[in-house]
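S.K.: Before I ask anything, here is the structure I am working with.
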Amino acid sequence: MTHAACTIVSFNYLHYARVLCASFRKHHPDAKFYVLLVDRLPQDFDPTNEPFEFVLVEDLGIPNFPSIAFKYDVLELNTNVKPTFLKSLLDKGNDQVVYLDPDIFIYRALDPVFRALEQHSIVLTPHVVFPHPNDHGLSELSQLKNGIYNLGFIAVRKDPEAARFLSWWEDRCLHYAYAAPQSFMFVDQKWIDFAPCFFTSIGLLKHQGCNVAYWNLYERCISGTNGNWIVNNRDPLVFYHFSGIRIDGGDRISKHMEASNLSNRPDLRPLFEAYRRSLSEQAIQSASSHRYAFGAFDNGSPIAPLARWLYAANLERFQGDNPFASSSEFYAWARAKGAIRSGGSPGVASKSQRSDSDTRFLFTNGLLRLALRVFGPDRYMLLIKYLSYVIVVENQKIVLGD
C-alpha cells in the first residue's frame, strides 16, 4: 500500500509548500510528496533542488486549458484543478493520496486519515462538529454559504468509487466553480456538499485533531508542550490549518476572523510563532517580484476581474479564441466594453478591509441613500434585488452584452 500527499500553489506560495512537505516527511519519510504549480517557473529556478516532485498545471492535459485559466482567477484556478491533480496521482500508481492546503502544518503521522481510507474511498472533514453555543447559528450560516466540508483537506484511495467521484467533481470544477457565494458557489468546496448524496463510500473524519482552524476554534482548545499537542484533552493534534495567517506577526489568527486572536487564545501562540519562523526560513526572495503566469494578457496588461467574468459569461461566443492574446476577438470586444485595464491592479477590498471611513464605501452608500429618496422604498428594493441578480457571473452579459 503506497501513501502520498500533495498540495497546490502558485510560485509566490512555494515556501508554504516547503514547510508543509517538511512536516509531512518528518512523520512519513518514505512517502511521496507532490506539488502542483499553477504558474510557470522563473527561468533561473531549478525545481530539482526541491524536496518534492513538481508537477506543472499545463502538463495535466486539461482540455482547452487557456480558457479555464482565463475565466478563473488565481484562487479559483488553484482550487478547481484539484480533482484533476488527484486523478493524475492515482494514475501514477499511488494507492492512497491526501491533499492538504499549503498553509497546513502536520504535527504527527496521518494515521487517522489512512485508517479511514481503509474503510472508505473518499475522506472529508467537516468545518465543525458541534453547534456554536452562543452565536445563534451565525457560524452555521457562514458554512452554508461556503460549504459544509473544508476542502483544504481531502483523501482518496485508488478504486472505482473514488474514480467516479473525482470525474464528477472535476467536471463541476472545470466548468462552474467560481468564488461567488452570492451565486451559491465557492470554488471546488461548495460542490462537495452533494458528495454524500451521490456517493456511498464517503468517510467523515470527525477527529478533533484534524483540520483545526479559525472556523472551529470555538470548539477546540489546545494543550501540551514541546510539540505534543492535545485537542480538548482528548485527541492528539494531527494537523493545523493556518488559513489567513499573517507571516509578519501580530496577534491576528486569521485575516478572515476578528473575534479571536493570540491574546485571548494563548494556547495557539506557540504554534503560530513556530510556524511563522518556518515560513520565514523557507521564503524565496524572488517570489514577491514573480508575476503570476495567468494574470495578464500577452501584451502585459493585467487582467481585470470583470474581463474574466465577461469571458466566462460569453464562452460560446469566443470558443476557440485565445483569451490571453491581445490580438484576439475577445480582447478587442472587452476593450470596447471598458473591461481592459490601462494600469496596474487596484487593491481589492475584503470584508476585513472595509471601514466606515473608506471613501469608496461612503460614496456608494451615499448613492444608495439617494436612490432610496428618489425611487421610494418599493422601487429601491427592486433595485437591490436587480443588483443581486446581475452580480452573478453569467448575468453580466445582460448589462454589458451587445
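Convention: chains lettered A, B, ... in C-alpha cells order; per-chain residue numbering from 1; ligands numbered from 1 as shown.
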Which residues are near Tyr149 of chain A? Cut-off 9 Å, only C-alpha atoms, ignore same chain within fewer than 6 positions. Put them as a VMD selection string.

M.R.: chain A and resid 124 to 128 143 189 to 190 192 to 193

S.K.: What would the file look like if the residues just selected were written as a PDB file, in the first residue's frame with all heavy atoms?

M.R.:
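Generated output (result32.pdb):
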```
ATOM      1  N   LEU A 124     -13.473  13.082   4.110  1.00  0.00           N
ATOM      2  CA  LEU A 124     -13.672  14.521   4.229  1.00  0.00           C
ATOM      3  C   LEU A 124     -13.649  14.935   5.689  1.00  0.00           C
ATOM      4  O   LEU A 124     -13.932  14.122   6.570  1.00  0.00           O
ATOM      5  CB  LEU A 124     -15.021  14.933   3.628  1.00  0.00           C
ATOM      6  CG  LEU A 124     -15.303  14.555   2.174  1.00  0.00           C
ATOM      7  CD1 LEU A 124     -16.770  14.813   1.844  1.00  0.00           C
ATOM      8  CD2 LEU A 124     -14.392  15.338   1.239  1.00  0.00           C
ATOM      9  N   THR A 125     -13.349  16.213   5.942  1.00  0.00           N
ATOM     10  CA  THR A 125     -13.504  16.771   7.284  1.00  0.00           C
ATOM     11  C   THR A 125     -14.551  17.878   7.235  1.00  0.00           C
ATOM     12  O   THR A 125     -14.441  18.806   6.428  1.00  0.00           O
ATOM     13  CB  THR A 125     -12.189  17.370   7.824  1.00  0.00           C
ATOM     14  OG1 THR A 125     -11.631  18.256   6.852  1.00  0.00           O
ATOM     15  CG2 THR A 125     -11.183  16.293   8.158  1.00  0.00           C
ATOM     16  N   PRO A 126     -15.570  17.813   8.079  1.00  0.00           N
ATOM     17  CA  PRO A 126     -16.498  18.937   8.186  1.00  0.00           C
ATOM     18  C   PRO A 126     -15.819  20.126   8.840  1.00  0.00           C
ATOM     19  O   PRO A 126     -14.872  19.963   9.612  1.00  0.00           O
ATOM     20  CB  PRO A 126     -17.630  18.387   9.067  1.00  0.00           C
ATOM     21  CG  PRO A 126     -17.012  17.267   9.834  1.00  0.00           C
ATOM     22  CD  PRO A 126     -15.909  16.702   8.990  1.00  0.00           C
ATOM     23  N   HIS A 127     -16.286  21.324   8.499  1.00  0.00           N
ATOM     24  CA  HIS A 127     -15.718  22.508   9.132  1.00  0.00           C
ATOM     25  C   HIS A 127     -15.846  22.446  10.654  1.00  0.00           C
ATOM     26  O   HIS A 127     -14.922  22.801  11.382  1.00  0.00           O
ATOM     27  CB  HIS A 127     -16.422  23.773   8.630  1.00  0.00           C
ATOM     28  CG  HIS A 127     -15.902  24.279   7.330  1.00  0.00           C
ATOM     29  ND1 HIS A 127     -16.544  24.051   6.134  1.00  0.00           N
ATOM     30  CD2 HIS A 127     -14.805  25.012   7.020  1.00  0.00           C
ATOM     31  CE1 HIS A 127     -15.874  24.624   5.145  1.00  0.00           C
ATOM     32  NE2 HIS A 127     -14.809  25.219   5.655  1.00  0.00           N
ATOM     33  N   VAL A 128     -16.996  22.035  11.123  1.00  0.00           N
ATOM     34  CA  VAL A 128     -17.268  21.983  12.560  1.00  0.00           C
ATOM     35  C   VAL A 128     -17.988  20.677  12.873  1.00  0.00           C
ATOM     36  O   VAL A 128     -18.638  20.075  12.011  1.00  0.00           O
ATOM     37  CB  VAL A 128     -18.114  23.183  13.030  1.00  0.00           C
ATOM     38  CG1 VAL A 128     -17.361  24.488  12.838  1.00  0.00           C
ATOM     39  CG2 VAL A 128     -19.458  23.241  12.297  1.00  0.00           C
ATOM     40  N   GLN A 143     -21.068  28.654   7.086  1.00  0.00           N
ATOM     41  CA  GLN A 143     -20.732  27.364   6.482  1.00  0.00           C
ATOM     42  C   GLN A 143     -21.715  27.001   5.372  1.00  0.00           C
ATOM     43  O   GLN A 143     -21.332  26.377   4.369  1.00  0.00           O
ATOM     44  CB  GLN A 143     -20.694  26.259   7.544  1.00  0.00           C
ATOM     45  CG  GLN A 143     -19.762  26.520   8.716  1.00  0.00           C
ATOM     46  CD  GLN A 143     -18.382  26.983   8.313  1.00  0.00           C
ATOM     47  OE1 GLN A 143     -17.888  26.611   7.255  1.00  0.00           O
ATOM     48  NE2 GLN A 143     -17.778  27.810   9.147  1.00  0.00           N
ATOM     49  N   GLN A 189     -15.111  23.716  -3.245  1.00  0.00           N
ATOM     50  CA  GLN A 189     -15.591  23.290  -1.925  1.00  0.00           C
ATOM     51  C   GLN A 189     -17.094  23.112  -1.851  1.00  0.00           C
ATOM     52  O   GLN A 189     -17.590  22.141  -1.278  1.00  0.00           O
ATOM     53  CB  GLN A 189     -15.127  24.320  -0.891  1.00  0.00           C
ATOM     54  CG  GLN A 189     -15.429  23.967   0.548  1.00  0.00           C
ATOM     55  CD  GLN A 189     -14.645  24.854   1.492  1.00  0.00           C
ATOM     56  OE1 GLN A 189     -13.466  24.633   1.717  1.00  0.00           O
ATOM     57  NE2 GLN A 189     -15.307  25.866   2.026  1.00  0.00           N
ATOM     58  N   LYS A 190     -17.832  24.043  -2.412  1.00  0.00           N
ATOM     59  CA  LYS A 190     -19.292  24.019  -2.275  1.00  0.00           C
ATOM     60  C   LYS A 190     -19.911  22.797  -2.947  1.00  0.00           C
ATOM     61  O   LYS A 190     -20.912  22.242  -2.463  1.00  0.00           O
ATOM     62  CB  LYS A 190     -19.873  25.308  -2.855  1.00  0.00           C
ATOM     63  CG  LYS A 190     -21.362  25.488  -2.640  1.00  0.00           C
ATOM     64  CD  LYS A 190     -21.720  25.659  -1.184  1.00  0.00           C
ATOM     65  CE  LYS A 190     -23.211  25.941  -1.034  1.00  0.00           C
ATOM     66  NZ  LYS A 190     -23.653  25.931   0.368  1.00  0.00           N
ATOM     67  N   ILE A 192     -18.909  19.872  -2.925  1.00  0.00           N
ATOM     68  CA  ILE A 192     -18.770  18.651  -2.130  1.00  0.00           C
ATOM     69  C   ILE A 192     -19.929  18.465  -1.168  1.00  0.00           C
ATOM     70  O   ILE A 192     -20.114  17.377  -0.615  1.00  0.00           O
ATOM     71  CB  ILE A 192     -17.411  18.664  -1.400  1.00  0.00           C
ATOM     72  CG1 ILE A 192     -16.280  18.707  -2.432  1.00  0.00           C
ATOM     73  CG2 ILE A 192     -17.211  17.426  -0.532  1.00  0.00           C
ATOM     74  CD1 ILE A 192     -16.270  17.527  -3.402  1.00  0.00           C
ATOM     75  N   ASP A 193     -20.758  19.474  -0.969  1.00  0.00           N
ATOM     76  CA  ASP A 193     -21.978  19.279  -0.177  1.00  0.00           C
ATOM     77  C   ASP A 193     -22.835  18.156  -0.754  1.00  0.00           C
ATOM     78  O   ASP A 193     -23.569  17.484  -0.028  1.00  0.00           O
ATOM     79  CB  ASP A 193     -22.798  20.570  -0.128  1.00  0.00           C
ATOM     80  CG  ASP A 193     -22.191  21.632   0.776  1.00  0.00           C
ATOM     81  OD1 ASP A 193     -21.145  21.346   1.409  1.00  0.00           O
ATOM     82  OD2 ASP A 193     -22.744  22.739   0.851  1.00  0.00           O
TER      83      ASP A 193
END
```

S.K.: Pick the closest to Leu237 of chain A from A:Thr7, A:Ala31, A:Ser289, A:Arg220: which is it, counting only C-alpha atoms?

M.R.: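 Smallest distance to Leu237 of chain A is found for A:Arg220.
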
S.K.: Please list as a VMD selection string every residue within 7 Å of segment 50-63 of chain A, counting only C-alpha atoms and excluding residues in the same chain fewer than 6 positions away.

M.R.: chain A and resid 33 to 38

S.K.: Extract, using only C-alpha atoms, all DNA, RNA and protein residues at most 8 Å from segment 165-174 of chain A, discarding same-chain residues fewer than 5 positions from it, and format them as number ranges by chain.

M.R.: A: 68, 80-84, 86-87, 187-188, 191-192, 195, 199

S.K.: Please produce a file of the residues just selected, as a PDB file, in the first residue's frame, where the atoms kept are N, CA, C and O atoms.

M.R.:
```pdb
ATOM      1  N   ILE A  68      -9.857  27.803 -19.370  1.00  0.00           N
ATOM      2  CA  ILE A  68     -10.049  27.587 -17.938  1.00  0.00           C
ATOM      3  C   ILE A  68      -9.214  28.578 -17.136  1.00  0.00           C
ATOM      4  O   ILE A  68      -9.683  29.193 -16.167  1.00  0.00           O
ATOM      5  N   ASN A  80      -9.662  24.687  -8.359  1.00  0.00           N
ATOM      6  CA  ASN A  80     -10.501  23.919  -9.274  1.00  0.00           C
ATOM      7  C   ASN A  80      -9.758  22.885 -10.105  1.00  0.00           C
ATOM      8  O   ASN A  80     -10.383  22.037 -10.754  1.00  0.00           O
ATOM      9  N   VAL A  81      -8.427  22.905 -10.073  1.00  0.00           N
ATOM     10  CA  VAL A  81      -7.675  21.829 -10.735  1.00  0.00           C
ATOM     11  C   VAL A  81      -7.387  20.674  -9.770  1.00  0.00           C
ATOM     12  O   VAL A  81      -6.738  19.693 -10.148  1.00  0.00           O
ATOM     13  N   LYS A  82      -7.875  20.778  -8.561  1.00  0.00           N
ATOM     14  CA  LYS A  82      -7.586  19.773  -7.531  1.00  0.00           C
ATOM     15  C   LYS A  82      -8.028  18.366  -7.930  1.00  0.00           C
ATOM     16  O   LYS A  82      -7.224  17.420  -7.832  1.00  0.00           O
ATOM     17  N   PRO A  83      -9.281  18.150  -8.364  1.00  0.00           N
ATOM     18  CA  PRO A  83      -9.649  16.770  -8.726  1.00  0.00           C
ATOM     19  C   PRO A  83      -8.845  16.213  -9.893  1.00  0.00           C
ATOM     20  O   PRO A  83      -8.523  15.024  -9.910  1.00  0.00           O
ATOM     21  N   THR A  84      -8.504  17.056 -10.859  1.00  0.00           N
ATOM     22  CA  THR A  84      -7.673  16.600 -11.978  1.00  0.00           C
ATOM     23  C   THR A  84      -6.306  16.151 -11.484  1.00  0.00           C
ATOM     24  O   THR A  84      -5.771  15.115 -11.911  1.00  0.00           O
ATOM     25  N   LEU A  86      -5.539  15.094  -8.411  1.00  0.00           N
ATOM     26  CA  LEU A  86      -5.682  13.857  -7.644  1.00  0.00           C
ATOM     27  C   LEU A  86      -5.838  12.654  -8.574  1.00  0.00           C
ATOM     28  O   LEU A  86      -5.263  11.586  -8.324  1.00  0.00           O
ATOM     29  N   LYS A  87      -6.601  12.806  -9.637  1.00  0.00           N
ATOM     30  CA  LYS A  87      -6.740  11.721 -10.614  1.00  0.00           C
ATOM     31  C   LYS A  87      -5.378  11.329 -11.186  1.00  0.00           C
ATOM     32  O   LYS A  87      -5.061  10.149 -11.322  1.00  0.00           O
ATOM     33  N   VAL A 187     -15.894  27.893  -5.199  1.00  0.00           N
ATOM     34  CA  VAL A 187     -14.882  27.103  -5.880  1.00  0.00           C
ATOM     35  C   VAL A 187     -15.169  25.600  -5.792  1.00  0.00           C
ATOM     36  O   VAL A 187     -16.314  25.163  -5.963  1.00  0.00           O
ATOM     37  N   ASP A 188     -14.131  24.787  -5.537  1.00  0.00           N
ATOM     38  CA  ASP A 188     -14.320  23.335  -5.509  1.00  0.00           C
ATOM     39  C   ASP A 188     -15.095  22.879  -4.279  1.00  0.00           C
ATOM     40  O   ASP A 188     -15.688  21.795  -4.265  1.00  0.00           O
ATOM     41  N   TRP A 191     -19.320  22.349  -4.049  1.00  0.00           N
ATOM     42  CA  TRP A 191     -19.857  21.186  -4.753  1.00  0.00           C
ATOM     43  C   TRP A 191     -19.853  19.932  -3.872  1.00  0.00           C
ATOM     44  O   TRP A 191     -20.697  19.045  -4.035  1.00  0.00           O
ATOM     45  N   ILE A 192     -18.909  19.872  -2.925  1.00  0.00           N
ATOM     46  CA  ILE A 192     -18.770  18.651  -2.130  1.00  0.00           C
ATOM     47  C   ILE A 192     -19.929  18.465  -1.168  1.00  0.00           C
ATOM     48  O   ILE A 192     -20.114  17.377  -0.615  1.00  0.00           O
ATOM     49  N   ALA A 195     -21.627  15.455  -2.287  1.00  0.00           N
ATOM     50  CA  ALA A 195     -20.907  14.183  -2.367  1.00  0.00           C
ATOM     51  C   ALA A 195     -21.536  13.063  -1.540  1.00  0.00           C
ATOM     52  O   ALA A 195     -21.689  11.941  -2.044  1.00  0.00           O
ATOM     53  N   PHE A 199     -22.510   9.583  -3.577  1.00  0.00           N
ATOM     54  CA  PHE A 199     -21.520   8.513  -3.475  1.00  0.00           C
ATOM     55  C   PHE A 199     -21.649   7.820  -2.126  1.00  0.00           C
ATOM     56  O   PHE A 199     -21.968   8.459  -1.117  1.00  0.00           O
TER      57      PHE A 199
END
```

S.K.: Mind giving me the straight-line distance from atom CA of Leu315 of chain A to atom CA of Phe85 of chain A in Å, one decimal?

M.R.: 24.1 Å

S.K.: What is the distance, in Å and to one decimal place, between atom CA of Ala5 of chain A and atom CA of Lys32 of chain A?

M.R.: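 Computed distance, atom CA of Ala5 of chain A to atom CA of Lys32 of chain A, equals 6.5 Å.
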
S.K.: Which is closest to Glu258 of chain A among A:Tyr214, A:Phe242, A:Phe114, A:Tyr107, if we use only C-alpha atoms?

M.R.: A:Tyr214

S.K.: Identify, on the basis of only C-alpha atoms, every residue whose closest approach to Ile247 of chain A does not exceed 9 Å; exclude the query and any residue fewer than 5 positions from it along the same chain; express the result as a PyMOL selection string.

M.R.: chain A and resi 275-277+279-280

S.K.: Taking all heavy atoms for each residue, export the selection above as a compact mmCIF listing (two decimals), in the first residue's frame.

M.R.:
```txt
# COMPACT_ATOMS: atom_id res chain seq x y z
N TYR A 275 5.40 28.26 13.45
CA TYR A 275 5.04 28.16 12.03
C TYR A 275 5.56 29.38 11.27
O TYR A 275 6.10 29.24 10.15
CB TYR A 275 3.53 28.05 11.89
CG TYR A 275 3.05 27.84 10.47
CD1 TYR A 275 3.39 26.70 9.76
CD2 TYR A 275 2.27 28.81 9.84
CE1 TYR A 275 2.96 26.52 8.45
CE2 TYR A 275 1.82 28.63 8.53
CZ TYR A 275 2.18 27.49 7.84
OH TYR A 275 1.74 27.31 6.55
N ARG A 276 5.41 30.57 11.85
CA ARG A 276 5.92 31.77 11.18
C ARG A 276 7.43 31.71 10.99
O ARG A 276 7.94 32.13 9.95
CB ARG A 276 5.52 33.01 11.99
CG ARG A 276 4.06 33.40 11.83
CD ARG A 276 3.64 34.44 12.84
NE ARG A 276 2.31 34.95 12.56
CZ ARG A 276 1.52 35.53 13.46
NH1 ARG A 276 1.95 35.67 14.72
NH2 ARG A 276 0.33 35.98 13.13
N ARG A 277 8.15 31.18 11.98
CA ARG A 277 9.60 31.03 11.82
C ARG A 277 9.92 30.10 10.66
O ARG A 277 10.83 30.37 9.86
CB ARG A 277 10.22 30.50 13.11
CG ARG A 277 10.35 31.53 14.22
CD ARG A 277 11.31 31.06 15.30
NE ARG A 277 10.89 29.79 15.92
CZ ARG A 277 10.09 29.72 16.97
NH1 ARG A 277 9.60 30.83 17.53
NH2 ARG A 277 9.78 28.54 17.49
N LEU A 279 8.11 29.47 8.00
CA LEU A 279 7.82 30.13 6.73
C LEU A 279 8.92 31.12 6.36
O LEU A 279 9.34 31.19 5.19
CB LEU A 279 6.48 30.86 6.81
CG LEU A 279 5.22 30.00 6.80
CD1 LEU A 279 3.98 30.88 6.99
CD2 LEU A 279 5.10 29.19 5.51
N SER A 280 9.39 31.87 7.33
CA SER A 280 10.44 32.85 7.06
C SER A 280 11.72 32.16 6.60
O SER A 280 12.42 32.65 5.70
CB SER A 280 10.73 33.68 8.32
OG SER A 280 9.58 34.42 8.69
```

S.K.: Run DSSP on the backbone and give me the residues of segment 46-267 of chain A it puts in strand (DSSP E), as number ranges by chain.

M.R.: A: 53-56, 96-100, 104-106, 122-124, 153-157, 179-180, 185-186, 202-204, 210-212, 222-225, 228-231, 235-236, 239-241, 252-254, 257-261

S.K.: Atom CA of Cys197 of chain A to atom CA of Lys158 of chain A: how many Å, to one decimal?

M.R.: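 About the pair atom CA of Cys197 of chain A and atom CA of Lys158 of chain A: they are 20.4 Å apart.
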